[in-house]
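The data block below is run-v4.cif; it holds mmCIF, C-alpha atoms (C1' of nucleotides).
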```cif
data_structure
#
loop_
_atom_site.label_atom_id
_atom_site.label_comp_id
_atom_site.auth_asym_id
_atom_site.auth_seq_id
_atom_site.Cartn_x
_atom_site.Cartn_y
_atom_site.Cartn_z
CA MET A 1 6.91 -19.78 -6.30
CA ASN A 2 8.25 -17.49 -9.04
CA ILE A 3 7.34 -13.86 -9.34
CA GLY A 4 5.19 -14.57 -12.38
CA ASP A 5 2.98 -16.95 -10.46
CA ALA A 6 2.91 -14.64 -7.45
CA SER A 7 1.76 -11.94 -9.81
CA THR A 8 -1.02 -14.11 -11.18
CA HIS A 9 -2.09 -15.12 -7.67
CA SER A 10 -2.12 -11.63 -6.21
CA GLY A 11 -3.25 -9.71 -9.25
CA LEU A 12 -0.29 -7.38 -8.83
CA PRO A 13 2.06 -6.81 -11.79
CA ALA A 14 5.51 -8.37 -11.35
CA LYS A 15 7.01 -4.90 -11.63
CA THR A 16 4.91 -3.74 -8.73
CA ILE A 17 5.93 -6.69 -6.58
CA ARG A 18 9.60 -5.93 -7.26
CA TYR A 19 8.92 -2.34 -6.34
CA TYR A 20 7.29 -3.46 -3.08
CA GLU A 21 10.43 -5.41 -2.31
CA ASP A 22 12.57 -2.36 -3.14
CA ILE A 23 10.74 -0.25 -0.61
CA GLY A 24 10.75 -3.00 1.98
CA LEU A 25 7.09 -3.96 2.03
CA ILE A 26 7.90 -7.59 1.39
CA THR A 27 11.06 -9.70 1.39
CA PRO A 28 10.67 -12.89 -0.60
CA ASP A 29 13.34 -15.59 -0.35
CA ARG A 30 15.72 -16.30 -3.19
CA THR A 31 16.44 -19.58 -4.89
CA ASP A 32 19.97 -20.58 -5.88
CA ASN A 33 19.65 -19.01 -9.31
CA GLY A 34 18.72 -15.64 -7.80
CA TYR A 35 15.04 -15.86 -8.60
CA ARG A 36 12.59 -14.57 -6.01
CA ASP A 37 10.77 -17.31 -4.16
CA PHE A 38 7.35 -16.55 -2.70
CA SER A 39 5.85 -18.61 0.11
CA GLU A 40 2.20 -18.82 1.12
CA THR A 41 2.84 -16.14 3.71
CA HIS A 42 4.27 -13.86 1.04
CA LEU A 43 1.25 -14.49 -1.15
CA HIS A 44 -0.98 -13.57 1.75
CA LYS A 45 0.87 -10.33 2.24
CA LEU A 46 0.67 -9.51 -1.44
CA ALA A 47 -3.07 -10.14 -1.43
CA PHE A 48 -3.36 -7.93 1.63
CA LEU A 49 -1.42 -5.18 -0.09
CA SER A 50 -3.46 -5.55 -3.24
CA ARG A 51 -6.70 -5.11 -1.32
CA ALA A 52 -5.44 -2.24 0.78
CA ARG A 53 -4.14 -0.41 -2.28
CA GLY A 54 -7.41 -1.16 -4.03
CA LEU A 55 -9.18 0.65 -1.21
CA GLY A 56 -6.96 3.63 -1.84
CA PHE A 57 -4.65 3.38 1.16
CA THR A 58 -1.23 4.88 0.47
CA ILE A 59 1.87 2.75 0.50
CA GLU A 60 2.79 4.15 3.90
CA ASP A 61 -0.69 3.33 5.18
CA CYS A 62 -0.17 -0.17 3.84
CA ARG A 63 3.12 -0.44 5.65
CA THR A 64 1.38 0.51 8.89
CA LEU A 65 -1.57 -1.76 8.23
CA LEU A 66 0.73 -4.69 7.52
CA SER A 67 2.60 -4.15 10.74
CA LEU A 68 -0.67 -3.86 12.62
CA TYR A 69 -1.81 -7.02 10.93
CA GLU A 70 1.30 -8.83 12.09
CA ASP A 71 1.13 -7.43 15.58
CA THR A 72 -1.44 -9.68 17.17
CA ASP A 73 -1.47 -7.44 20.23
CA ARG A 74 -2.53 -4.23 18.53
CA ALA A 75 -5.75 -2.54 19.52
CA SER A 76 -8.46 -2.61 16.88
CA ALA A 77 -9.07 1.05 17.72
CA ASP A 78 -5.76 1.95 16.03
CA VAL A 79 -6.88 0.32 12.82
CA LYS A 80 -10.30 1.87 13.00
CA THR A 81 -8.79 5.33 13.44
CA MET A 82 -6.66 4.90 10.35
CA ALA A 83 -9.57 3.60 8.35
CA ARG A 84 -11.80 6.46 9.46
CA GLY A 85 -9.14 8.98 8.48
CA HIS A 86 -8.94 7.38 5.09
CA LEU A 87 -12.71 7.38 4.73
CA ASP A 88 -12.66 11.11 5.39
CA LYS A 89 -10.16 11.62 2.61
CA ILE A 90 -12.28 9.55 0.26
CA SER A 91 -15.39 11.59 1.09
CA GLN A 92 -13.51 14.80 0.55
CA LYS A 93 -12.23 13.63 -2.81
CA ILE A 94 -15.73 12.63 -3.84
CA THR A 95 -17.03 16.04 -2.84
CA GLU A 96 -14.35 17.76 -4.90
CA LEU A 97 -15.04 15.60 -7.91
CA LYS A 98 -18.77 16.21 -7.65
CA ALA A 99 -18.16 19.94 -7.60
CA MET A 100 -16.09 19.63 -10.77
CA GLN A 101 -18.77 17.47 -12.29
CA ASP A 102 -21.49 19.99 -11.48
CA THR A 103 -19.60 22.96 -12.86
CA LEU A 104 -18.43 21.19 -15.96
CA SER A 105 -21.75 19.59 -16.85
CA GLU A 106 -23.43 22.92 -16.52
CA LEU A 107 -20.98 24.35 -19.03
CA VAL A 108 -21.36 21.36 -21.31
CA ASN A 109 -25.12 21.69 -21.24
CA LYS A 110 -24.88 25.30 -22.24
CA CYS A 111 -22.68 24.49 -25.22
CA HIS A 112 -24.56 23.87 -28.44
CA GLY A 113 -21.62 21.83 -29.70
CA ASP A 114 -21.90 22.43 -33.42
CA ASP A 115 -19.47 23.89 -35.95
CA ARG A 116 -19.97 27.46 -34.81
CA PRO A 117 -17.08 28.96 -32.87
CA ASP A 118 -19.17 30.38 -30.03
CA CYS A 119 -18.47 28.21 -26.97
CA PRO A 120 -19.82 28.69 -23.43
CA ILE A 121 -17.35 26.13 -22.07
CA LEU A 122 -14.35 28.20 -23.09
CA GLN A 123 -16.13 31.37 -22.02
CA GLY A 124 -16.73 29.80 -18.64
CA LEU A 125 -13.08 28.83 -18.32
CA ALA A 126 -12.10 32.34 -19.31
CA GLY A 127 -14.20 33.69 -16.46
CA ASP A 128 -16.84 35.19 -18.68
CA ASN A 129 -19.90 34.92 -16.45
CA ALA A 130 -22.07 37.04 -18.71
CA ASN A 131 -23.08 33.94 -20.60
CA LYS A 132 -26.62 33.34 -19.39
CA GLU A 133 -29.10 30.96 -20.94
CA GLN A 134 -32.06 33.34 -20.82
CA ALA A 135 -30.27 35.60 -23.29
CA VAL A 136 -31.08 33.15 -26.13
CA MET B 1 3.39 43.02 -13.34
CA ASN B 2 5.71 40.85 -11.27
CA ILE B 3 5.22 37.14 -10.73
CA GLY B 4 4.15 37.73 -7.14
CA ASP B 5 1.26 39.92 -8.20
CA ALA B 6 0.40 37.58 -11.05
CA SER B 7 0.30 34.83 -8.47
CA THR B 8 -2.04 36.81 -6.23
CA HIS B 9 -4.28 37.69 -9.18
CA SER B 10 -4.53 34.19 -10.58
CA GLY B 11 -4.43 32.24 -7.36
CA LEU B 12 -1.62 30.12 -8.77
CA PRO B 13 1.63 29.77 -6.77
CA ALA B 14 4.60 31.57 -8.32
CA LYS B 15 6.37 28.23 -8.59
CA THR B 16 3.50 26.88 -10.64
CA ILE B 17 3.55 29.87 -12.97
CA ARG B 18 7.27 29.40 -13.56
CA TYR B 19 6.59 25.77 -14.24
CA TYR B 20 3.90 26.70 -16.75
CA GLU B 21 6.42 28.88 -18.51
CA ASP B 22 8.94 26.01 -18.49
CA ILE B 23 6.52 23.73 -20.29
CA GLY B 24 5.47 26.44 -22.69
CA LEU B 25 1.95 27.17 -21.50
CA ILE B 26 2.65 30.88 -21.18
CA THR B 27 5.50 33.17 -22.19
CA PRO B 28 5.55 36.34 -20.12
CA ASP B 29 7.78 39.22 -21.19
CA ARG B 30 10.93 40.14 -19.29
CA THR B 31 11.92 43.49 -17.86
CA ASP B 32 15.51 44.74 -18.04
CA ASN B 33 16.43 43.20 -14.72
CA GLY B 34 15.33 39.78 -15.90
CA TYR B 35 12.09 39.71 -13.93
CA ARG B 36 9.03 38.21 -15.61
CA ASP B 37 6.50 40.79 -16.72
CA PHE B 38 2.85 39.76 -16.97
CA SER B 39 0.35 41.67 -19.09
CA GLU B 40 -3.43 41.59 -18.84
CA THR B 41 -3.49 38.92 -21.52
CA HIS B 42 -1.10 36.80 -19.51
CA LEU B 43 -3.25 37.23 -16.43
CA HIS B 44 -6.25 36.13 -18.43
CA LYS B 45 -4.44 33.02 -19.54
CA LEU B 46 -3.33 32.23 -16.01
CA ALA B 47 -6.89 32.59 -14.76
CA PHE B 48 -8.02 30.33 -17.59
CA LEU B 49 -5.42 27.74 -16.64
CA SER B 50 -6.30 27.99 -12.99
CA ARG B 51 -9.97 27.30 -13.71
CA ALA B 52 -9.28 24.50 -16.15
CA ARG B 53 -6.89 22.80 -13.72
CA GLY B 54 -9.43 23.34 -10.97
CA LEU B 55 -11.92 21.37 -13.05
CA GLY B 56 -9.39 18.57 -13.24
CA PHE B 57 -8.26 18.94 -16.84
CA THR B 58 -4.70 17.68 -17.35
CA ILE B 59 -1.95 20.05 -18.39
CA GLU B 60 -2.13 18.68 -21.92
CA ASP B 61 -5.89 19.22 -21.95
CA CYS B 62 -5.22 22.77 -20.82
CA ARG B 63 -2.77 23.28 -23.64
CA THR B 64 -5.40 22.15 -26.10
CA LEU B 65 -8.12 24.21 -24.46
CA LEU B 66 -5.94 27.30 -24.54
CA SER B 67 -5.22 26.87 -28.22
CA LEU B 68 -8.91 26.29 -28.88
CA TYR B 69 -9.64 29.39 -26.86
CA GLU B 70 -7.26 31.39 -28.98
CA ASP B 71 -8.49 29.96 -32.25
CA THR B 72 -11.62 31.99 -32.85
CA ASP B 73 -12.51 29.71 -35.74
CA ARG B 74 -12.67 26.45 -33.84
CA ALA B 75 -15.93 24.53 -33.69
CA SER B 76 -17.57 24.44 -30.29
CA ALA B 77 -18.17 20.73 -30.91
CA ASP B 78 -14.45 20.10 -30.45
CA VAL B 79 -14.51 21.68 -27.04
CA LYS B 80 -17.68 19.89 -26.06
CA THR B 81 -16.18 16.54 -27.02
CA MET B 82 -13.15 17.17 -24.83
CA ALA B 83 -15.29 18.28 -21.93
CA ARG B 84 -17.57 15.26 -22.27
CA GLY B 85 -14.57 12.96 -22.28
CA HIS B 86 -13.35 14.60 -19.14
CA LEU B 87 -16.77 14.34 -17.52
CA ASP B 88 -16.69 10.61 -18.22
CA LYS B 89 -13.38 10.31 -16.44
CA ILE B 90 -14.72 12.24 -13.47
CA SER B 91 -17.79 10.01 -13.24
CA GLN B 92 -15.63 6.94 -13.40
CA LYS B 93 -13.39 8.23 -10.65
CA ILE B 94 -16.41 9.00 -8.49
CA THR B 95 -17.75 5.50 -9.05
CA GLU B 96 -14.43 3.99 -8.01
CA LEU B 97 -14.23 6.14 -4.91
CA LYS B 98 -17.76 5.27 -3.92
CA ALA B 99 -16.97 1.59 -4.22
CA MET B 100 -13.99 2.07 -1.92
CA GLN B 101 -16.14 4.06 0.44
CA ASP B 102 -18.79 1.34 0.56
CA THR B 103 -16.36 -1.46 1.19
CA LEU B 104 -14.34 0.41 3.75
CA SER B 105 -17.26 1.80 5.71
CA GLU B 106 -18.71 -1.66 5.93
CA LEU B 107 -15.47 -2.88 7.45
CA VAL B 108 -15.26 0.10 9.76
CA ASN B 109 -18.80 -0.49 10.96
CA LYS B 110 -17.97 -4.08 11.78
CA CYS B 111 -14.96 -3.07 13.85
CA HIS B 112 -15.68 -2.54 17.53
CA GLY B 113 -12.63 -0.28 17.75
CA ASP B 114 -11.59 -0.82 21.31
CA ASP B 115 -8.36 -2.10 22.85
CA ARG B 116 -8.96 -5.70 21.90
CA PRO B 117 -6.79 -7.03 19.09
CA ASP B 118 -9.60 -8.62 17.10
CA CYS B 119 -10.16 -6.46 14.03
CA PRO B 120 -12.58 -7.07 11.15
CA ILE B 121 -10.90 -4.38 9.07
CA LEU B 122 -7.60 -6.21 8.99
CA GLN B 123 -9.41 -9.49 8.53
CA GLY B 124 -11.22 -8.02 5.56
CA LEU B 125 -7.97 -6.79 4.05
CA ALA B 126 -6.45 -10.19 4.61
CA GLY B 127 -9.26 -11.72 2.58
CA ASP B 128 -10.90 -13.39 5.53
CA ASN B 129 -14.53 -13.36 4.43
CA ALA B 130 -15.68 -15.59 7.25
CA ASN B 131 -16.24 -12.54 9.40
CA LYS B 132 -20.00 -12.17 9.41
CA GLU B 133 -21.99 -9.97 11.74
CA GLN B 134 -24.61 -12.55 12.55
CA ALA B 135 -21.95 -14.70 14.19
CA VAL B 136 -21.92 -12.34 17.19
"C1'" DA C 1 22.23 -26.03 -30.56
"C1'" DT C 2 18.87 -22.92 -30.48
"C1'" DA C 3 14.65 -20.61 -29.64
"C1'" DG C 4 11.40 -18.89 -26.47
"C1'" DG C 5 9.95 -17.31 -22.35
"C1'" DG C 6 10.85 -15.89 -17.80
"C1'" DC C 7 13.90 -14.02 -14.65
"C1'" DT C 8 17.53 -10.47 -12.98
"C1'" DT C 9 19.27 -5.48 -12.26
"C1'" DC C 10 19.47 -0.74 -13.25
"C1'" DC C 11 18.16 3.58 -15.21
"C1'" DA C 12 14.86 6.77 -16.77
"C1'" DG C 13 10.25 8.60 -17.30
"C1'" DT C 14 5.52 9.62 -15.76
"C1'" DC C 15 2.37 13.90 -13.70
"C1'" DA C 16 2.15 18.36 -11.83
"C1'" DC C 17 4.16 20.41 -9.11
"C1'" DT C 18 7.06 21.64 -4.63
"C1'" DG C 19 11.17 22.59 -1.69
"C1'" DG C 20 15.44 24.44 -1.18
"C1'" DA C 21 19.98 26.45 -2.20
"C1'" DA C 22 22.67 30.17 -4.03
"C1'" DG C 23 22.61 34.46 -5.56
"C1'" DG C 24 20.86 39.04 -8.01
"C1'" DT C 25 17.57 43.36 -7.41
"C1'" DC C 26 14.93 46.84 -5.36
"C1'" DA C 27 12.69 50.08 -2.07
"C1'" DA C 28 12.58 51.83 2.59
"C1'" DG C 29 14.59 53.24 6.75
"C1'" DA C 30 18.79 54.50 10.07
"C1'" DT D 1 25.50 55.39 2.36
"C1'" DC D 2 24.60 51.18 4.27
"C1'" DT D 3 21.75 47.66 5.53
"C1'" DT D 4 17.74 45.03 5.93
"C1'" DG D 5 14.25 42.38 4.10
"C1'" DA D 6 11.24 41.21 0.58
"C1'" DC D 7 11.29 40.26 -3.76
"C1'" DC D 8 13.12 37.98 -7.92
"C1'" DT D 9 16.27 34.63 -10.71
"C1'" DT D 10 18.06 29.75 -12.03
"C1'" DC D 11 18.97 25.07 -11.15
"C1'" DC D 12 18.62 20.66 -8.92
"C1'" DA D 13 16.22 17.23 -6.47
"C1'" DG D 14 12.21 15.01 -4.48
"C1'" DT D 15 7.26 13.59 -4.33
"C1'" DG D 16 3.93 8.74 -5.13
"C1'" DA D 17 3.46 4.67 -7.03
"C1'" DC D 18 4.57 2.79 -10.30
"C1'" DT D 19 5.96 1.75 -15.52
"C1'" DG D 20 8.93 1.06 -19.67
"C1'" DG D 21 12.92 -0.46 -21.56
"C1'" DA D 22 17.65 -2.15 -22.12
"C1'" DA D 23 21.07 -5.66 -21.31
"C1'" DG D 24 21.86 -9.92 -19.92
"C1'" DC D 25 21.28 -14.56 -17.24
"C1'" DC D 26 18.48 -19.04 -16.70
"C1'" DC D 27 15.57 -22.88 -17.88
"C1'" DT D 28 12.95 -25.96 -20.76
"C1'" DA D 29 11.65 -27.98 -25.07
"C1'" DT D 30 12.72 -29.23 -29.50
#
```

As C-alpha cells, please, write out the structure in this file.
Amino acid sequence: MNIGDASTHSGLPAKTIRYYEDIGLITPDRTDNGYRDFSETHLHKLAFLSRARGLGFTIEDCRTLLSLYEDTDRASADVKTMARGHLDKISQKITELKAMQDTLSELVNKCHGDDRPDCPILQGLAGDNANKEQAV
Amino acid sequence: MNIGDASTHSGLPAKTIRYYEDIGLITPDRTDNGYRDFSETHLHKLAFLSRARGLGFTIEDCRTLLSLYEDTDRASADVKTMARGHLDKISQKITELKAMQDTLSELVNKCHGDDRPDCPILQGLAGDNANKEQAV
DNA sequence: ATAGGGCTTCCAGTCACTGGAAGGTCAAGA
DNA sequence: TCTTGACCTTCCAGTGACTGGAAGCCCTAT
C-alpha cells in the first residue's frame, strides 16, 4: 500500500509518516520503483502511533510503548507506570491552563472594552494592582 | 542595571532577555564595556512580558500587547478582543486535555498493572475495543 | 505525447527558548 | 600586581514534532 493510502487509513499526514520513518518509528518496505509499501502490520503500528500521539504521549513515549506492545512478555505494570506519569503531566498542564484562564478572565471581565483607552487588562499585565472594581 | 539583575527583577532568564532583544521586543542601552544596561522602563517592559508570557500569550501577541500598552490612545476594545481570543484558545486546549485525561484514565483503570503481560492500555492504543470490563 | 497526480529526497522553517564554547571585563583578596 | 571567580559578550547548534517547498521521478489516462 502506498503512503497516500496509509495516510488515509491512519489519519496521519504522509509527511508525518515519512518523518516517523526518518526517526525509526516504522520501517515500511519498498517496491521496485522506490515507493514505500505498507503492510497490514505497518498500518496497525501507524494507527497505534496515531492514537498514542492523540493522547499526548511524546514520540519517545510512543517508541517505548510500541516496543512494549511488541514485547509480549512485558509486565503490564510497566505500561501502567508510564501512563500514570503521563496522566500526571496532563493534570498539571490542565491546572496551569486553568490558572491562566482564571487570571485572564478576571482581567477581561474588568475591561469595559469600548473605545476609551483605559484598559485593566494592560494594567494587570503591567503589574498595576491598584485597579479595583469597587473604585467605580 | 546589568542583565543579571534585570533577570532577578523580572524573573526571566538572562538568555531569554537576550533573545527578546534579538527579536526586537526590547532594546536596552549599552554601557562603555558593551554590557547591556536596563533602565526602570526596561524592567517594566520585562515584567510586562513575563506576565503576558505567563498567561500563555505568544511572543507575537506580546509584541502587539506591548505596542498597545505604549499607545495611550488605543481602544480598550482592541485589547479585550485579543484577550478573548486567547481565552478561547485556552478553553479549547483544556477541553482537549480533559478528553485525553478521560480516555487515558479509563484505560489505566482497566489495567491491573502487575507482572502479567496482558495490558488493556496497549490494547486500547492498538484499537482493540473488544476489551470490556464486564468480560472479567 | 502529454497532462495530472502521486511519489521521492533534501533543505529550511516553525516556536520560544536553552546549552555550550570561546573569550572579554570587573571587583576582591593574597 | 596577580589571580581567581563571577560576571558579561557573541555565535552556533539543538530541542519537539512536524510542516512547507523545491526539484525531479513514476504511473495512468487520454

Residue contacts of segment 4-9 of chain C (8 Å, all atoms listed in the file) excluding same-chain residues fewer than 2 positions away, as an mmCIF file with C-alpha atoms (C1' of nucleotides), keeping the file's coordinate frame:
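Writing done, so here's selection.cif:
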```cif
data_model
loop_
_atom_site.group_PDB
_atom_site.id
_atom_site.type_symbol
_atom_site.label_atom_id
_atom_site.label_comp_id
_atom_site.auth_asym_id
_atom_site.auth_seq_id
_atom_site.Cartn_x
_atom_site.Cartn_y
_atom_site.Cartn_z
ATOM 1 C CA GLY A 4 5.190 -14.570 -12.380
ATOM 2 C CA GLY A 34 18.720 -15.640 -7.800
ATOM 3 C CA TYR A 35 15.040 -15.860 -8.600
ATOM 4 C "C1'" DC D 25 21.280 -14.560 -17.240
ATOM 5 C "C1'" DC D 26 18.480 -19.040 -16.700
#
```

Subject >> Output check: residues returned by the PyMOL selection byres ((chain B) within 9 of (chain C)), as a ChimeraX atom specification >> reply: /B:15-16,19,33,58-59

Original post:
Taking into account all atoms listed in the file, which residue in the set A:Leu97, A:Ser7, A:Phe57, A:Arg51 is nearest to chain D?
Top reply: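 The shortest atom-to-atom distance to chain D comes from A:Phe57.
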
Subject >> Check: which chain D residues lie within 9 Å of chain B using only C-alpha atoms (C1' of nucleotides), as an NGL selection string >> reply: :D and (7-9)

Subject >> Exercise: Glu40 of chain A partners within 12 Å, only C-alpha atoms (C1' of nucleotides), chain neighbours under 2 positions left out, as a PyMOL selection string >> reply: chain A and resi 1-2+5-6+9-10+28-29+37-38+42-47

Can you write out the residues you just picked, keeping C-alpha atoms, as an mmCIF file, keeping the file's coordinate frame?
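To be explicit, this is the file written out as out-v2.cif:
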```cif
data_model
loop_
_atom_site.group_PDB
_atom_site.id
_atom_site.type_symbol
_atom_site.label_atom_id
_atom_site.label_comp_id
_atom_site.auth_asym_id
_atom_site.auth_seq_id
_atom_site.Cartn_x
_atom_site.Cartn_y
_atom_site.Cartn_z
ATOM 1 C CA MET A 1 6.910 -19.780 -6.300
ATOM 2 C CA ASN A 2 8.250 -17.490 -9.040
ATOM 3 C CA ASP A 5 2.980 -16.950 -10.460
ATOM 4 C CA ALA A 6 2.910 -14.640 -7.450
ATOM 5 C CA HIS A 9 -2.090 -15.120 -7.670
ATOM 6 C CA SER A 10 -2.120 -11.630 -6.210
ATOM 7 C CA PRO A 28 10.670 -12.890 -0.600
ATOM 8 C CA ASP A 29 13.340 -15.590 -0.350
ATOM 9 C CA ASP A 37 10.770 -17.310 -4.160
ATOM 10 C CA PHE A 38 7.350 -16.550 -2.700
ATOM 11 C CA HIS A 42 4.270 -13.860 1.040
ATOM 12 C CA LEU A 43 1.250 -14.490 -1.150
ATOM 13 C CA HIS A 44 -0.980 -13.570 1.750
ATOM 14 C CA LYS A 45 0.870 -10.330 2.240
ATOM 15 C CA LEU A 46 0.670 -9.510 -1.440
ATOM 16 C CA ALA A 47 -3.070 -10.140 -1.430
#
```

Original post:
Residues picked by the PyMOL selection byres ((chain B and resi 115-120) around 9) here, as number ranges by chain?
Top reply: A: 69, 71-80; B: 107-108, 110-114, 121-125, 128, 131

Original post:
Just how far from atom CA of Gly54 of chain B is atom CA of Met82 of chain B, in Å to one decimal?
Top reply: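 Computed distance, atom CA of Met82 of chain B to atom CA of Gly54 of chain B, equals 15.6 Å.
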
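Around the point (0.9, -2.4, 1.8), within 10 Å and counting only C-alpha atoms (C1' of nucleotides), we find these residues: A:Tyr20, A:Gly24, A:Leu25, A:Ile26, A:Lys45, A:Leu46, A:Ala47, A:Phe48, A:Leu49, A:Ser50, A:Arg51, A:Ala52, A:Arg53, A:Phe57, A:Thr58, A:Ile59, A:Glu60, A:Asp61, A:Cys62, A:Arg63, A:Thr64, A:Leu65, A:Leu66, A:Ser67.
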
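Nearest residue to chain B among A:Ile17, A:Ala83, A:Leu12, A:Ile23 is A:Ala83, counting only C-alpha atoms.
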
Original post:
So what do you get for atom CA of Ser91 of chain A versus atom CA of Ala126 of chain B, distance-wise?
Top reply: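 Taking atom CA of Ser91 of chain A as the start and atom CA of Ala126 of chain B as the end point, the length is 23.8 Å.
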
**OP:** Would you mind reading off the distance between atom CA of Ile94 of chain B and atom CA of Gln101 of chain A, one decimal, in Å?
**Re:**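 Atom CA of Ile94 of chain B sits 9.6 Å away from atom CA of Gln101 of chain A.
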
**OP:** Using the chain letters and residue numbers of this document, give as a list in words the residues selected by the PyMOL selection byres ((chain B and resi 93) around 12).
**Re:** Gly56, Ile90, Lys93, Ile94, Thr95, Glu96, Leu97, Lys98, Met100 and Gln101 of chain A; Gly56, His86, Leu87, Asp88, Lys89, Ile90, Ser91, Gln92, Ile94, Thr95, Glu96, Leu97, Lys98, Ala99 and Met100 of chain B
